[in-house]
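This report refers to the structure that appears directly beneath it.
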Amino acid sequence: MTSEGQLGPTEHEHHRALVLHDRRLVVDLIELTLNHGLFEVRAARNLAEAESLLAEWPPHISLVDMDNDDSEALLDRLGASNNLRPSRVPVLGLARRGDLQTKLAAFRLGVDDILAVPFSPVELLARSIVVARRALGTDPPIVPTIRLGEMEIDILHHQVRAGTSVVNLTNIEQSLLYLLASRSGQVVTREEILDAVWGTDFVTESNIVDRHIRVLRVKLQNSYRHPRFIATVPGHGYRFIPTFSNTGWDFDRSTE
């Protein structure tokens, strides 16, 4: 129980995470990342939707887009405070600018921690767990893997497993895989990938997306002509294939 009298999740209950964000792609990525047996995620685009959720579904933690027009109002509704009293609902702020001024402004509004966007999945998961742990007095175990078809992704060790095969991923490659998987079966445009993984500092003419997808495909033994995990949608972007098989994976050792 917290100092405000709020009960944490029971032994068999997931942490409830309320997200305020108006970009569906970011919400999908957050949901996939936090869905490690730890969090149940629900999202709102504005204060009205958030209040509707709060009325019937009190969260244990909230992730708030600090650039959203309703962010300050929601923080007030959640009981965020810039004094030393713990918030009724712990808040992880999300900000597209990671400069010191932006962080200080968020802390003055009462957030418990701040994470710059774009973020890596492992950092989002770790910070969410730490914020919940500090505020609720709970110590949820980090469940490091999720399954997507026959693929198992280990978020903490940056590995993909299929059968006895193991592939090591970089931070960028893991973020790419998570982003595409969060929109399983749907097209994610190059512009959306660029914004979600690298941010707006890269020019849209850059081929950085295609180059990293190409390397990721090599590691996953994913052929362009016969895709098993990531398909190219000409003129649009890429699509994660939600049904696939690990047949043909002949790795018997980790690849670098």
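So you can find residues: chains in the structure tokens are A, B, ... in the order shown, residues in each start at 1, and ligands are numbered from 1 in order.
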*Contacts of range 47-62 of chain A at 8 Å (only C-alpha atoms; same-chain gap of 5+ positions) as a ChimeraX atom specification*: /A:8-9,15-20,70-71,73-74,89-92,128,131-132,136
*range 14-217 of chain A: which residues are strand (DSSP E or B) by DSSP, as JSON, numbers by chain?*
{"A": [15, 16, 17, 18, 19, 20, 39, 40, 41, 42, 43, 44, 61, 62, 63, 64, 65, 91, 92, 93, 94, 95, 113, 114, 115, 116, 145, 146, 147, 148, 151, 152, 153, 154, 159, 160, 161, 162, 165, 166, 167, 168, 187, 188, 189]}
*Name the closest residue to Gln174 in chain A among the candidates A:Arg97, A:Arg217, A:Arg77, A:Arg228; distances are taken between atoms, counting only C-alpha atoms.*
A:Arg217
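Of note, CA of Val188 in chain A and CA of Thr102 in chain A are spaced 29.1 Å apart.
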*Contact residues around Asp210 in chain A with only C-alpha atoms at 10 Å, ignoring same-chain residues under 4 positions, as an MDAnalysis selection string*: chainID A and resid 190 206 214:216 232 237:238
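Near Arg239 in chain A, within 12 Å and counting only C-alpha atoms, sit Leu176, Leu177, Tyr178, Leu179, Leu180, Ala181, Ser182, Arg183, Ser184, Gly185, Gln186, Val187, Val188, Thr189, Arg190, Ile193, Ile213, Tyr224, Pro227, Arg228, Phe229, Ile230, Ala231, Thr232, Val233, Pro234, His236, Pro242 and Thr243 of chain A; same-chain residues fewer than 3 positions away were not included.
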Write the residues of the preceding selection, restricted to N, CA and C atoms, as an mmCIF file, in the first residue's frame.
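So out.cif came out as:
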data_model
loop_
_atom_site.group_PDB
_atom_site.id
_atom_site.type_symbol
_atom_site.label_atom_id
_atom_site.label_comp_id
_atom_site.auth_asym_id
_atom_site.auth_seq_id
_atom_site.Cartn_x
_atom_site.Cartn_y
_atom_site.Cartn_z
ATOM 1 N N LEU A 176 13.689 -1.393 -34.164
ATOM 2 C CA LEU A 176 13.024 -1.601 -35.452
ATOM 3 C C LEU A 176 12.096 -2.807 -35.402
ATOM 4 N N LEU A 177 12.591 -3.909 -34.861
ATOM 5 C CA LEU A 177 11.792 -5.130 -34.794
ATOM 6 C C LEU A 177 10.560 -4.923 -33.924
ATOM 7 N N TYR A 178 10.725 -4.246 -32.786
ATOM 8 C CA TYR A 178 9.590 -3.977 -31.909
ATOM 9 C C TYR A 178 8.581 -3.068 -32.581
ATOM 10 N N LEU A 179 9.078 -2.051 -33.256
ATOM 11 C CA LEU A 179 8.178 -1.107 -33.912
ATOM 12 C C LEU A 179 7.332 -1.811 -34.962
ATOM 13 N N LEU A 180 7.957 -2.614 -35.810
ATOM 14 C CA LEU A 180 7.215 -3.327 -36.852
ATOM 15 C C LEU A 180 6.265 -4.346 -36.232
ATOM 16 N N ALA A 181 6.724 -5.050 -35.195
ATOM 17 C CA ALA A 181 5.878 -6.052 -34.554
ATOM 18 C C ALA A 181 4.683 -5.428 -33.846
ATOM 19 N N SER A 182 4.841 -4.202 -33.376
ATOM 20 C CA SER A 182 3.725 -3.533 -32.690
ATOM 21 C C SER A 182 2.577 -3.239 -33.644
ATOM 22 N N ARG A 183 2.874 -3.189 -34.944
ATOM 23 C CA ARG A 183 1.860 -3.001 -35.978
ATOM 24 C C ARG A 183 1.732 -4.261 -36.817
ATOM 25 N N SER A 184 1.788 -5.411 -36.150
ATOM 26 C CA SER A 184 1.825 -6.706 -36.825
ATOM 27 C C SER A 184 0.777 -6.803 -37.925
ATOM 28 N N GLY A 185 1.237 -7.081 -39.152
ATOM 29 C CA GLY A 185 0.342 -7.228 -40.290
ATOM 30 C C GLY A 185 0.006 -5.931 -40.990
ATOM 31 N N GLN A 186 0.393 -4.783 -40.413
ATOM 32 C CA GLN A 186 0.076 -3.486 -41.001
ATOM 33 C C GLN A 186 1.337 -2.828 -41.554
ATOM 34 N N VAL A 187 1.147 -1.966 -42.527
ATOM 35 C CA VAL A 187 2.274 -1.262 -43.130
ATOM 36 C C VAL A 187 2.729 -0.127 -42.220
ATOM 37 N N VAL A 188 4.033 -0.046 -42.006
ATOM 38 C CA VAL A 188 4.634 1.086 -41.308
ATOM 39 C C VAL A 188 5.505 1.816 -42.321
ATOM 40 N N THR A 189 5.231 3.086 -42.558
ATOM 41 C CA THR A 189 5.944 3.822 -43.585
ATOM 42 C C THR A 189 7.364 4.145 -43.136
ATOM 43 N N ARG A 190 8.208 4.452 -44.101
ATOM 44 C CA ARG A 190 9.581 4.837 -43.780
ATOM 45 C C ARG A 190 9.604 6.083 -42.913
ATOM 46 N N ILE A 193 8.787 5.118 -39.364
ATOM 47 C CA ILE A 193 9.924 4.430 -38.759
ATOM 48 C C ILE A 193 11.010 5.434 -38.389
ATOM 49 N N ILE A 213 17.110 -1.933 -41.995
ATOM 50 C CA ILE A 213 16.198 -3.053 -42.281
ATOM 51 C C ILE A 213 16.953 -4.162 -43.008
ATOM 52 N N TYR A 224 14.412 -10.822 -49.228
ATOM 53 C CA TYR A 224 13.536 -9.773 -49.776
ATOM 54 C C TYR A 224 12.447 -10.377 -50.656
ATOM 55 N N PRO A 227 9.972 -13.138 -48.092
ATOM 56 C CA PRO A 227 10.071 -12.691 -46.700
ATOM 57 C C PRO A 227 9.387 -13.649 -45.733
ATOM 58 N N ARG A 228 10.032 -13.848 -44.580
ATOM 59 C CA ARG A 228 9.456 -14.690 -43.543
ATOM 60 C C ARG A 228 9.104 -13.881 -42.304
ATOM 61 N N PHE A 229 9.698 -12.716 -42.136
ATOM 62 C CA PHE A 229 9.453 -11.893 -40.966
ATOM 63 C C PHE A 229 9.064 -10.461 -41.340
ATOM 64 N N ILE A 230 9.828 -9.874 -42.254
ATOM 65 C CA ILE A 230 9.623 -8.470 -42.635
ATOM 66 C C ILE A 230 9.426 -8.384 -44.143
ATOM 67 N N ALA A 231 8.275 -7.901 -44.548
ATOM 68 C CA ALA A 231 7.964 -7.768 -45.974
ATOM 69 C C ALA A 231 8.068 -6.306 -46.389
ATOM 70 N N THR A 232 8.555 -6.081 -47.605
ATOM 71 C CA THR A 232 8.578 -4.736 -48.182
ATOM 72 C C THR A 232 7.270 -4.483 -48.910
ATOM 73 N N VAL A 233 6.678 -3.325 -48.674
ATOM 74 C CA VAL A 233 5.492 -2.899 -49.405
ATOM 75 C C VAL A 233 5.947 -1.764 -50.321
ATOM 76 N N PRO A 234 6.216 -2.058 -51.608
ATOM 77 C CA PRO A 234 6.809 -1.072 -52.510
ATOM 78 C C PRO A 234 6.072 0.256 -52.504
ATOM 79 N N HIS A 236 5.658 2.218 -50.078
ATOM 80 C CA HIS A 236 5.029 2.568 -48.803
ATOM 81 C C HIS A 236 5.973 2.362 -47.619
ATOM 82 N N PRO A 242 2.786 -11.529 -39.278
ATOM 83 C CA PRO A 242 2.392 -12.087 -37.977
ATOM 84 C C PRO A 242 2.406 -13.603 -37.918
ATOM 85 N N THR A 243 2.383 -14.273 -39.065
ATOM 86 C CA THR A 243 2.441 -15.743 -39.083
ATOM 87 C C THR A 243 3.660 -16.156 -39.879
#
_Quick one: residues within 12 Å of Ala105 in chain A, only C-alpha atoms, excluding same-chain residues fewer than 6 positions away - as a ChimeraX atom specification?_
/A:66-67,72,82,93,95,97-99,111,113-114
*Based on DSSP run over this structure's backbone, return all residues of range 106-173 of chain A in helix (DSSP H, G or I), as a list in words.*
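In range 106-173 of chain A, DSSP puts these residues in helix (DSSP H, G or I): Ala106, Phe107, Arg108, Pro121, Val122, Glu123, Leu124, Leu125, Ala126, Arg127, Ser128, Ile129, Val130, Val131, Ala132, Arg133, Arg134, Ala135, Leu136, Asn171, Ile172 and Glu173 of chain A.
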Quick one: write out the picked residues with N, CA and C atoms as a PDB file, in the first residue's frame?
ATOM      1  N   ALA A 106       9.169  19.389 -16.714  1.00  0.00           N
ATOM      2  CA  ALA A 106       8.344  18.216 -16.425  1.00  0.00           C
ATOM      3  C   ALA A 106       8.393  17.861 -14.948  1.00  0.00           C
ATOM      4  N   PHE A 107       9.567  17.934 -14.342  1.00  0.00           N
ATOM      5  CA  PHE A 107       9.677  17.628 -12.923  1.00  0.00           C
ATOM      6  C   PHE A 107       8.930  18.650 -12.078  1.00  0.00           C
ATOM      7  N   ARG A 108       8.935  19.909 -12.516  1.00  0.00           N
ATOM      8  CA  ARG A 108       8.177  20.936 -11.776  1.00  0.00           C
ATOM      9  C   ARG A 108       6.683  20.639 -11.802  1.00  0.00           C
ATOM     10  N   PRO A 121      13.083   0.226 -26.455  1.00  0.00           N
ATOM     11  CA  PRO A 121      12.142  -0.588 -25.686  1.00  0.00           C
ATOM     12  C   PRO A 121      12.661  -0.964 -24.308  1.00  0.00           C
ATOM     13  N   VAL A 122      13.950  -1.317 -24.216  1.00  0.00           N
ATOM     14  CA  VAL A 122      14.481  -1.767 -22.931  1.00  0.00           C
ATOM     15  C   VAL A 122      14.494  -0.633 -21.915  1.00  0.00           C
ATOM     16  N   GLU A 123      14.768   0.604 -22.367  1.00  0.00           N
ATOM     17  CA  GLU A 123      14.764   1.726 -21.427  1.00  0.00           C
ATOM     18  C   GLU A 123      13.346   2.061 -20.978  1.00  0.00           C
ATOM     19  N   LEU A 124      12.385   1.993 -21.893  1.00  0.00           N
ATOM     20  CA  LEU A 124      10.995   2.231 -21.519  1.00  0.00           C
ATOM     21  C   LEU A 124      10.543   1.223 -20.469  1.00  0.00           C
ATOM     22  N   LEU A 125      10.840  -0.042 -20.689  1.00  0.00           N
ATOM     23  CA  LEU A 125      10.436  -1.084 -19.741  1.00  0.00           C
ATOM     24  C   LEU A 125      11.101  -0.875 -18.389  1.00  0.00           C
ATOM     25  N   ALA A 126      12.405  -0.609 -18.395  1.00  0.00           N
ATOM     26  CA  ALA A 126      13.136  -0.448 -17.145  1.00  0.00           C
ATOM     27  C   ALA A 126      12.638   0.751 -16.349  1.00  0.00           C
ATOM     28  N   ARG A 127      12.444   1.878 -17.019  1.00  0.00           N
ATOM     29  CA  ARG A 127      11.997   3.085 -16.310  1.00  0.00           C
ATOM     30  C   ARG A 127      10.571   2.924 -15.777  1.00  0.00           C
ATOM     31  N   SER A 128       9.712   2.248 -16.538  1.00  0.00           N
ATOM     32  CA  SER A 128       8.339   2.031 -16.072  1.00  0.00           C
ATOM     33  C   SER A 128       8.323   1.169 -14.822  1.00  0.00           C
ATOM     34  N   ILE A 129       9.149   0.137 -14.809  1.00  0.00           N
ATOM     35  CA  ILE A 129       9.220  -0.740 -13.641  1.00  0.00           C
ATOM     36  C   ILE A 129       9.774   0.007 -12.438  1.00  0.00           C
ATOM     37  N   VAL A 130      10.806   0.817 -12.639  1.00  0.00           N
ATOM     38  CA  VAL A 130      11.407   1.559 -11.532  1.00  0.00           C
ATOM     39  C   VAL A 130      10.419   2.560 -10.952  1.00  0.00           C
ATOM     40  N   VAL A 131       9.695   3.285 -11.825  1.00  0.00           N
ATOM     41  CA  VAL A 131       8.708   4.255 -11.339  1.00  0.00           C
ATOM     42  C   VAL A 131       7.626   3.552 -10.531  1.00  0.00           C
ATOM     43  N   ALA A 132       7.128   2.426 -11.040  1.00  0.00           N
ATOM     44  CA  ALA A 132       6.100   1.677 -10.310  1.00  0.00           C
ATOM     45  C   ALA A 132       6.648   1.150  -8.994  1.00  0.00           C
ATOM     46  N   ARG A 133       7.869   0.679  -9.008  1.00  0.00           N
ATOM     47  CA  ARG A 133       8.486   0.118  -7.801  1.00  0.00           C
ATOM     48  C   ARG A 133       8.633   1.189  -6.720  1.00  0.00           C
ATOM     49  N   ARG A 134       9.131   2.364  -7.108  1.00  0.00           N
ATOM     50  CA  ARG A 134       9.330   3.435  -6.130  1.00  0.00           C
ATOM     51  C   ARG A 134       8.016   3.880  -5.500  1.00  0.00           C
ATOM     52  N   ALA A 135       7.007   4.054  -6.344  1.00  0.00           N
ATOM     53  CA  ALA A 135       5.759   4.653  -5.870  1.00  0.00           C
ATOM     54  C   ALA A 135       4.859   3.659  -5.148  1.00  0.00           C
ATOM     55  N   LEU A 136       4.831   2.414  -5.623  1.00  0.00           N
ATOM     56  CA  LEU A 136       3.862   1.447  -5.105  1.00  0.00           C
ATOM     57  C   LEU A 136       4.459   0.488  -4.090  1.00  0.00           C
ATOM     58  N   ASN A 171      20.756  -2.073 -30.406  1.00  0.00           N
ATOM     59  CA  ASN A 171      19.619  -1.295 -29.890  1.00  0.00           C
ATOM     60  C   ASN A 171      18.689  -0.865 -31.022  1.00  0.00           C
ATOM     61  N   ILE A 172      19.266  -0.373 -32.103  1.00  0.00           N
ATOM     62  CA  ILE A 172      18.467   0.102 -33.225  1.00  0.00           C
ATOM     63  C   ILE A 172      17.693  -1.048 -33.855  1.00  0.00           C
ATOM     64  N   GLU A 173      18.344  -2.184 -34.041  1.00  0.00           N
ATOM     65  CA  GLU A 173      17.681  -3.334 -34.657  1.00  0.00           C
ATOM     66  C   GLU A 173      16.531  -3.837 -33.790  1.00  0.00           C
TER      67      GLU A 173
END
*Near Ile146 in chain A, within 12 Å and counting only C-alpha atoms, which residues show up once chain neighbours fewer than 3 positions away are dropped, as a PyMOL selection string?*
chain A and resi 32-38+142-143+149-156+158-162+178+181-182
